[in-house]
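Text of input33.pdb (PDB, C-alpha atoms) as supplied:
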ATOM      1  CA  MET S 740      -4.099  -8.744 -24.909
ATOM      2  CA  LYS S 741      -3.090  -9.064 -21.235
ATOM      3  CA  ILE S 742      -5.272  -6.902 -19.023
ATOM      4  CA  GLY S 743      -4.714  -5.978 -15.383
ATOM      5  CA  ILE S 744      -7.645  -4.740 -13.292
ATOM      6  CA  LEU S 745      -7.849  -2.731 -10.069
ATOM      7  CA  VAL S 746     -11.090  -2.681  -8.050
ATOM      8  CA  ASN S 747     -11.258   0.123  -5.484
ATOM      9  CA  GLU S 748     -14.830  -0.105  -4.197
ATOM     10  CA  GLY S 749     -16.801  -2.646  -2.198
ATOM     11  CA  PRO S 750     -19.768  -4.608  -3.535
ATOM     12  CA  TYR S 751     -23.361  -3.337  -3.750
ATOM     13  CA  THR S 752     -22.859   0.260  -2.525
ATOM     14  CA  HIS S 753     -20.867   1.142  -5.628
ATOM     15  CA  GLU S 754     -21.129  -0.188  -9.149
ATOM     16  CA  ALA S 755     -17.351  -0.371  -9.627
ATOM     17  CA  SER S 756     -17.105  -4.065  -8.788
ATOM     18  CA  ASP S 757     -20.025  -4.922 -11.109
ATOM     19  CA  SER S 758     -18.435  -2.951 -13.937
ATOM     20  CA  ALA S 759     -15.056  -4.585 -13.341
ATOM     21  CA  TYR S 760     -16.620  -8.045 -13.346
ATOM     22  CA  LEU S 761     -18.642  -7.432 -16.511
ATOM     23  CA  PHE S 762     -15.578  -5.957 -18.186
ATOM     24  CA  ALA S 763     -13.420  -8.943 -17.166
ATOM     25  CA  ARG S 764     -16.007 -11.483 -18.281
ATOM     26  CA  THR S 765     -16.468  -9.784 -21.641
ATOM     27  CA  ALA S 766     -12.719  -9.458 -22.181
ATOM     28  CA  LEU S 767     -12.331 -13.203 -21.551
ATOM     29  CA  GLU S 768     -15.180 -13.956 -23.975
ATOM     30  CA  LYS S 769     -13.373 -11.866 -26.592
ATOM     31  CA  GLY S 770     -10.231 -13.964 -26.146
ATOM     32  CA  HIS S 771      -8.203 -11.584 -23.970
ATOM     33  CA  GLU S 772      -6.288 -12.628 -20.884
ATOM     34  CA  ILE S 773      -7.024 -11.159 -17.461
ATOM     35  CA  GLN S 774      -3.551 -11.030 -15.968
ATOM     36  CA  ARG S 775      -4.858 -10.277 -12.456
ATOM     37  CA  VAL S 776      -7.654  -8.543 -10.580
ATOM     38  CA  PHE S 777      -6.347  -6.599  -7.598
ATOM     39  CA  PHE S 778      -8.736  -5.513  -4.827
ATOM     40  CA  TYR S 779      -7.809  -2.416  -2.845
ATOM     41  CA  HIS S 780      -9.444   0.142  -0.531
ATOM     42  CA  ASP S 781     -13.020  -1.062   0.200
ATOM     43  CA  GLY S 782     -12.618  -3.285  -2.850
ATOM     44  CA  VAL S 783     -11.280  -5.926  -0.457
ATOM     45  CA  ASN S 784     -14.874  -6.405   0.731
ATOM     46  CA  ASN S 785     -15.569  -8.205  -2.546
ATOM     47  CA  SER S 786     -13.677 -11.174  -1.151
ATOM     48  CA  THR S 787     -15.527 -12.179   2.019
ATOM     49  CA  ARG S 788     -17.364 -15.461   1.862
ATOM     50  CA  LEU S 789     -19.696 -14.259   4.632
ATOM     51  CA  THR S 790     -21.548 -12.199   2.013
ATOM     52  CA  GLU S 791     -25.205 -13.224   1.712
ATOM     53  CA  PRO S 792     -27.256 -11.032  -0.615
ATOM     54  CA  PRO S 793     -31.023 -11.588  -0.999
ATOM     55  CA  GLN S 794     -31.858 -14.498  -3.302
ATOM     56  CA  ASP S 795     -33.156 -12.299  -6.092
ATOM     57  CA  ASP S 796     -29.952 -10.225  -6.227
ATOM     58  CA  ARG S 797     -26.682 -11.004  -7.974
ATOM     59  CA  HIS S 798     -24.035 -12.622  -5.753
ATOM     60  CA  ILE S 799     -21.055 -10.413  -6.448
ATOM     61  CA  VAL S 800     -18.554 -12.442  -4.396
ATOM     62  CA  ASN S 801     -19.548 -15.814  -5.843
ATOM     63  CA  ARG S 802     -19.468 -14.328  -9.316
ATOM     64  CA  TRP S 803     -15.788 -13.417  -8.846
ATOM     65  CA  SER S 804     -15.043 -16.862  -7.381
ATOM     66  CA  LYS S 805     -16.648 -18.496 -10.394
ATOM     67  CA  LEU S 806     -14.533 -16.400 -12.745
ATOM     68  CA  ALA S 807     -11.407 -17.603 -10.931
ATOM     69  CA  GLN S 808     -12.577 -21.200 -11.001
ATOM     70  CA  GLU S 809     -13.572 -21.268 -14.678
ATOM     71  CA  HIS S 810     -10.865 -19.097 -16.179
ATOM     72  CA  GLY S 811      -8.051 -19.288 -13.636
ATOM     73  CA  VAL S 812      -8.196 -15.550 -13.044
ATOM     74  CA  ASP S 813      -5.821 -14.463 -10.264
ATOM     75  CA  LEU S 814      -7.882 -12.569  -7.655
ATOM     76  CA  VAL S 815      -5.563 -10.781  -5.242
ATOM     77  CA  VAL S 816      -6.648  -8.911  -2.112
ATOM     78  CA  CYS S 817      -4.328  -6.333  -0.524
ATOM     79  CA  VAL S 818      -3.263  -7.609   2.894
ATOM     80  CA  ALA S 819      -3.042  -4.237   4.650
ATOM     81  CA  ALA S 820      -6.377  -3.035   3.286
ATOM     82  CA  ALA S 821      -7.954  -6.418   4.100
ATOM     83  CA  LEU S 822      -6.774  -6.598   7.713
ATOM     84  CA  ARG S 823      -8.039  -3.045   8.298
ATOM     85  CA  ARG S 824     -11.487  -4.241   7.240
ATOM     86  CA  GLY S 825     -11.626  -7.645   8.921
ATOM     87  CA  ILE S 826     -10.829  -9.770   5.883
ATOM     88  CA  LYS S 827      -8.575 -12.731   6.652
ATOM     89  CA  ASP S 828      -7.864 -16.173   5.209
ATOM     90  CA  ASP S 829     -10.553 -17.430   7.640
ATOM     91  CA  ASN S 830     -13.343 -15.646   5.787
ATOM     92  CA  LEU S 831     -11.854 -15.440   2.307
ATOM     93  CA  ALA S 832     -14.058 -16.683  -0.532
ATOM     94  CA  PRO S 833     -12.747 -19.395  -2.914
ATOM     95  CA  GLY S 834     -10.486 -18.206  -5.709
ATOM     96  CA  PHE S 835      -9.169 -15.170  -3.829
ATOM     97  CA  ARG S 836      -5.747 -14.904  -2.229
ATOM     98  CA  ILE S 837      -4.308 -12.305   0.135
ATOM     99  CA  SER S 838      -1.020 -10.693  -0.810
ATOM    100  CA  GLY S 839       0.873  -7.408  -0.851
ATOM    101  CA  LEU S 840       0.687  -4.202  -2.849
ATOM    102  CA  GLY S 841       3.672  -5.369  -4.853
ATOM    103  CA  GLN S 842       1.217  -7.565  -6.754
ATOM    104  CA  LEU S 843      -0.591  -4.431  -7.918
ATOM    105  CA  ILE S 844       2.567  -2.845  -9.285
ATOM    106  CA  GLU S 845       3.647  -6.123 -10.864
ATOM    107  CA  SER S 846       0.266  -6.325 -12.576
ATOM    108  CA  GLY S 847       0.804  -2.856 -14.053
ATOM    109  CA  ILE S 848       4.214  -3.920 -15.320
ATOM    110  CA  LYS S 849       3.123  -7.249 -16.784
ATOM    111  CA  SER S 850      -0.163  -6.158 -18.400
ATOM    112  CA  ASP S 851      -0.547  -4.582 -21.814
ATOM    113  CA  ARG S 852      -3.418  -2.499 -20.446
ATOM    114  CA  PHE S 853      -4.279  -1.634 -16.872
ATOM    115  CA  VAL S 854      -7.812  -0.580 -15.981
ATOM    116  CA  THR S 855      -8.977   0.982 -12.699
ATOM    117  CA  PHE S 856     -12.562   0.645 -11.471
ATOM    118  CA  GLY S 857     -13.517   3.052  -8.702
ATOM    119  CA  ASP S 858     -15.514   6.176  -8.012
TER     120      ASP S 858
ATOM    121  CA  MET A1230      14.876  -5.783 -22.091
ATOM    122  CA  ASP A1231      13.350  -8.741 -20.269
ATOM    123  CA  GLU A1232      10.112  -8.395 -18.380
ATOM    124  CA  ALA A1233      11.716  -8.355 -14.948
ATOM    125  CA  GLY A1234      13.815  -5.321 -15.851
ATOM    126  CA  GLN A1235      11.076  -3.460 -17.649
ATOM    127  CA  ILE A1236      10.529   0.175 -16.692
ATOM    128  CA  LYS A1237       7.079   1.599 -17.218
ATOM    129  CA  LYS A1238       5.668   5.039 -16.631
ATOM    130  CA  PHE A1239       3.351   4.916 -13.600
ATOM    131  CA  MET A1240       1.196   7.909 -12.710
ATOM    132  CA  TYR A1241      -0.752   8.138  -9.470
ATOM    133  CA  VAL A1242      -3.649  10.558  -9.638
ATOM    134  CA  ASN A1243      -4.832  11.886  -6.290
ATOM    135  CA  ARG A1244      -8.243  13.489  -6.487
ATOM    136  CA  LYS A1245      -9.643  13.289  -2.952
ATOM    137  CA  ALA A1246      -9.221  15.360   0.215
ATOM    138  CA  PRO A1247      -6.697  13.884   2.675
ATOM    139  CA  TYR A1248      -9.231  13.027   5.373
ATOM    140  CA  GLY A1249     -12.895  12.090   5.184
ATOM    141  CA  THR A1250     -12.071   9.040   3.090
ATOM    142  CA  ILE A1251      -9.115   6.669   3.191
ATOM    143  CA  TYR A1252      -8.143   7.070  -0.491
ATOM    144  CA  ALA A1253      -5.283   9.516   0.071
ATOM    145  CA  LEU A1254      -3.641   7.475   2.819
ATOM    146  CA  GLU A1255      -3.920   4.147   1.031
ATOM    147  CA  SER A1256      -2.748   5.699  -2.249
ATOM    148  CA  LEU A1257       0.351   6.937  -0.509
ATOM    149  CA  GLU A1258       0.971   3.385   0.677
ATOM    150  CA  VAL A1259       0.883   2.201  -2.942
ATOM    151  CA  VAL A1260       3.369   4.868  -3.982
ATOM    152  CA  LEU A1261       5.798   3.864  -1.226
ATOM    153  CA  ILE A1262       5.603   0.176  -2.139
ATOM    154  CA  ALA A1263       5.905   0.991  -5.835
ATOM    155  CA  ALA A1264       9.139   2.871  -5.202
ATOM    156  CA  ALA A1265      10.829  -0.490  -4.568
ATOM    157  CA  PHE A1266      10.054  -1.538  -8.152
ATOM    158  CA  ASP A1267      12.268   1.099  -9.769
ATOM    159  CA  GLN A1268       9.610   2.317 -12.165
ATOM    160  CA  ASP A1269       9.206   5.815 -13.602
ATOM    161  CA  VAL A1270       6.815   7.329 -11.050
ATOM    162  CA  SER A1271       4.908  10.590 -11.028
ATOM    163  CA  LEU A1272       2.123  11.908  -8.824
ATOM    164  CA  VAL A1273      -0.668  14.238  -9.809
ATOM    165  CA  PHE A1274      -2.801  16.188  -7.354
ATOM    166  CA  MET A1275      -6.043  17.545  -8.734
ATOM    167  CA  ASP A1276      -9.549  18.495  -7.558
ATOM    168  CA  ASP A1277      -9.705  18.231  -3.723
ATOM    169  CA  GLY A1278      -6.527  16.145  -3.932
ATOM    170  CA  VAL A1279      -4.542  19.392  -3.745
ATOM    171  CA  TYR A1280      -5.528  19.586  -0.066
ATOM    172  CA  GLN A1281      -3.333  16.522   0.544
ATOM    173  CA  LEU A1282      -0.315  18.813   0.143
ATOM    174  CA  LYS A1283      -1.748  21.887   1.877
ATOM    175  CA  LYS A1284       0.653  22.768   4.686
ATOM    176  CA  GLY A1285      -0.319  22.384   8.325
ATOM    177  CA  HIS A1286      -2.604  19.380   8.640
ATOM    178  CA  GLN A1287      -3.829  19.040  12.243
ATOM    179  CA  THR A1288      -5.721  15.816  12.818
ATOM    180  CA  LYS A1289      -5.845  15.544  16.609
ATOM    181  CA  GLY A1290      -9.484  16.596  16.728
ATOM    182  CA  ILE A1291     -10.614  13.841  14.361
ATOM    183  CA  GLU A1292      -8.394  11.216  16.006
ATOM    184  CA  VAL A1293      -6.760   9.962  12.820
ATOM    185  CA  LYS A1294      -3.076   9.825  12.012
ATOM    186  CA  ASN A1295      -1.570  12.891  10.337
ATOM    187  CA  PHE A1296       0.242  11.340   7.391
ATOM    188  CA  GLN A1297       1.433  14.585   5.827
ATOM    189  CA  PRO A1298       5.059  13.997   6.929
ATOM    190  CA  THR A1299       5.079  11.005   4.579
ATOM    191  CA  TYR A1300       4.809  13.323   1.553
ATOM    192  CA  ARG A1301       8.033  14.972   2.681
ATOM    193  CA  ALA A1302       9.692  11.537   2.725
ATOM    194  CA  LEU A1303       8.806  10.787  -0.909
ATOM    195  CA  ASP A1304      12.003  12.406  -2.141
ATOM    196  CA  ASP A1305      13.996   9.819  -0.132
ATOM    197  CA  TYR A1306      12.278   7.179  -2.275
ATOM    198  CA  ASP A1307      13.278   9.016  -5.468
ATOM    199  CA  VAL A1308       9.690  10.050  -6.012
ATOM    200  CA  ASN A1309      10.057  13.685  -6.966
ATOM    201  CA  LYS A1310       7.790  14.309  -9.929
ATOM    202  CA  LEU A1311       4.812  15.908  -8.234
ATOM    203  CA  TYR A1312       2.376  17.791 -10.445
ATOM    204  CA  VAL A1313      -0.387  19.985  -9.045
ATOM    205  CA  GLU A1314      -3.340  21.179 -11.102
ATOM    206  CA  GLN A1315      -3.235  24.951 -11.423
ATOM    207  CA  GLU A1316      -7.008  25.360 -11.777
ATOM    208  CA  ALA A1317      -7.666  23.243  -8.672
ATOM    209  CA  LEU A1318      -5.346  25.430  -6.583
ATOM    210  CA  ALA A1319      -6.928  28.630  -7.888
ATOM    211  CA  ALA A1320     -10.470  27.398  -7.278
ATOM    212  CA  ARG A1321      -9.574  26.769  -3.637
ATOM    213  CA  GLY A1322      -7.692  30.020  -3.039
ATOM    214  CA  LEU A1323      -4.373  28.203  -2.771
ATOM    215  CA  THR A1324      -0.971  28.879  -4.301
ATOM    216  CA  GLU A1325       2.263  26.961  -4.707
ATOM    217  CA  ASP A1326       3.451  28.514  -1.408
ATOM    218  CA  ASP A1327       0.748  26.547   0.424
ATOM    219  CA  MET A1328       2.255  23.236  -0.664
ATOM    220  CA  CYS A1329       4.268  21.253   1.913
ATOM    221  CA  VAL A1330       6.733  19.863  -0.643
ATOM    222  CA  PRO A1331       8.299  21.137  -3.885
ATOM    223  CA  VAL A1332       5.813  20.679  -6.729
ATOM    224  CA  GLN A1333       5.340  21.661 -10.317
ATOM    225  CA  VAL A1334       2.104  23.594 -10.828
ATOM    226  CA  MET A1335       0.629  22.779 -14.197
ATOM    227  CA  PRO A1336      -2.501  23.685 -16.177
ATOM    228  CA  ARG A1337      -5.133  20.956 -16.426
ATOM    229  CA  ALA A1338      -4.631  20.531 -20.191
ATOM    230  CA  GLU A1339      -0.919  19.926 -19.763
ATOM    231  CA  ILE A1340      -1.576  17.293 -17.087
ATOM    232  CA  GLY A1341      -3.902  15.635 -19.592
ATOM    233  CA  ARG A1342      -1.093  15.467 -22.115
ATOM    234  CA  LEU A1343       1.208  13.929 -19.487
ATOM    235  CA  MET A1344      -1.444  11.315 -18.702
ATOM    236  CA  ALA A1345      -1.565  10.312 -22.332
ATOM    237  CA  GLU A1346       2.157   9.497 -22.201
ATOM    238  CA  GLN A1347       1.804   7.042 -19.289
ATOM    239  CA  ASP A1348       1.791   3.246 -19.397
ATOM    240  CA  VAL A1349      -0.205   2.885 -16.194
ATOM    241  CA  VAL A1350      -2.476   5.492 -14.600
ATOM    242  CA  LEU A1351      -3.797   4.699 -11.134
ATOM    243  CA  SER A1352      -6.524   7.053 -10.009
ATOM    244  CA  PHE A1353      -7.514   7.304  -6.361
TER     245      PHE A1353
END

Write-out of the structure in structure tokens:
Amino acid sequence: MKIGILVNEGPYTHEASDSAYLFARTALEKGHEIQRVFFYHDGVNNSTRLTEPPQDDRHIVNRWSKLAQEHGVDLVVCVAAALRRGIKDDNLAPGFRISGLGQLIESGIKSDRFVTFGD
Amino acid sequence: MDEAGQIKKFMYVNRKAPYGTIYALESLEVVLIAAAFDQDVSLVFMDDGVYQLKKGHQTKGIEVKNFQPTYRALDDYDVNKLYVEQEALAARGLTEDDMCVPVQVMPRAEIGRLMAEQDVVLSF
């Protein structure tokens, strides 16, 4: 099954990004395809490579990057939401790309299931 | 029908007050972009989301943009299925007359049934 994912919250403060990641990873393990993960609202903060959590904590940003690297998952960050919050190509973590909201709608059209993670 | 011409039922669920968080404003931006994709679009306003349509927003004091006029422009984008949760209005002492655009007021259970018919539900 092709699954599209929307992440609406930033890392650490809210669990939405953790839940989305765990869901995506499990879906891949079960043989499903993650059509795209779209980051919106504060969700764009999942994509900054300046993120440095304490050593004993999970690295949410790197975890997403690894998912993109190992499974070719398309990680798309909304450009308008990103620029509002100081996210640019300059500080974008590997595996993410910045694009428009059209990518979110397209994901809804192309996926068999679309799942939102937010508050 | 090929994938490019596929029409799906998209529902945008607005649950948050218009100011205080950015959800309402950025959700509206999604709806406007989505209009270009010629999908079947509907909007639901429930919980504090009903305040998004409450007439007479004045935002000068909080120094943020008043984006209420954008709701009135939705019809120009052929977005005209706006459903408002009856119970949410009643709980806040509001009626259909308080809404800044034409809406269909609907009981919560009926909105639930509509949600079940959708292909994509985006909740903000």

*Extract, using only C-alpha atoms, all DNA, RNA and protein residues at most 6 Å from segment 1259-1274 of chain A, discarding same-chain residues fewer than 5 positions from it, and format them as JSON, numbers by chain.*
{"A": [1236, 1237, 1238, 1239, 1240, 1241, 1242, 1243, 1279, 1310, 1311, 1312, 1313]}

List as a Markdown table every residue of chain S that is in contact with chain A, defined as an atom at most 9 Å from one of its atoms (using only C-alpha atoms), together with the nearest atom pair and the distance in Å rounded to one decimal, sorted by chain and then rising number.
| residue | atom | partner | partner_atom | distance |
| --- | --- | --- | --- | --- |
| S:Leu745 | CA | A:Leu1351 | CA | 8.5 |
| S:Asn747 | CA | A:Phe1353 | CA | 8.1 |
| S:Tyr779 | CA | A:Glu1255 | CA | 8.6 |
| S:His780 | CA | A:Glu1255 | CA | 7.0 |
| S:Ala820 | CA | A:Glu1255 | CA | 7.9 |
| S:Leu840 | CA | A:Val1259 | CA | 6.4 |
| S:Gly841 | CA | A:Ile1262 | CA | 6.5 |
| S:Leu843 | CA | A:Val1259 | CA | 8.4 |
| S:Ile844 | CA | A:Ala1263 | CA | 6.1 |
| S:Glu845 | CA | A:Phe1266 | CA | 8.3 |
| S:Gly847 | CA | A:Val1349 | CA | 6.2 |
| S:Ile848 | CA | A:Lys1237 | CA | 6.5 |
| S:Lys849 | CA | A:Glu1232 | CA | 7.3 |
| S:Asp851 | CA | A:Asp1348 | CA | 8.5 |
| S:Arg852 | CA | A:Val1349 | CA | 7.6 |
| S:Phe853 | CA | A:Val1349 | CA | 6.1 |
| S:Val854 | CA | A:Val1350 | CA | 8.2 |
| S:Thr855 | CA | A:Leu1351 | CA | 6.6 |
| S:Phe856 | CA | A:Ser1352 | CA | 8.9 |
| S:Gly857 | CA | A:Phe1353 | CA | 7.7 |
| S:Asp858 | CA | A:Phe1353 | CA | 8.2 |

*What gap, in Å, lies between atom CA of Val1332 of chain A and atom CA of Ala1345 of chain A?*
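Atom-to-atom, atom CA of Val1332 of chain A and atom CA of Ala1345 of chain A are spaced 20.1 Å apart.
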
*Which residues match the PyMOL selection byres ((chain A and resi 1287-1298) around 10) in the file above, as a VMD selection string?*
chain A and resid 1247 to 1249 1253 to 1254 1257 1281 to 1286 1299 to 1303 1329 to 1330

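Going from atom CA of Ala1317 of chain A over to atom CA of Asp781 of chain S, you cover 26.4 Å.
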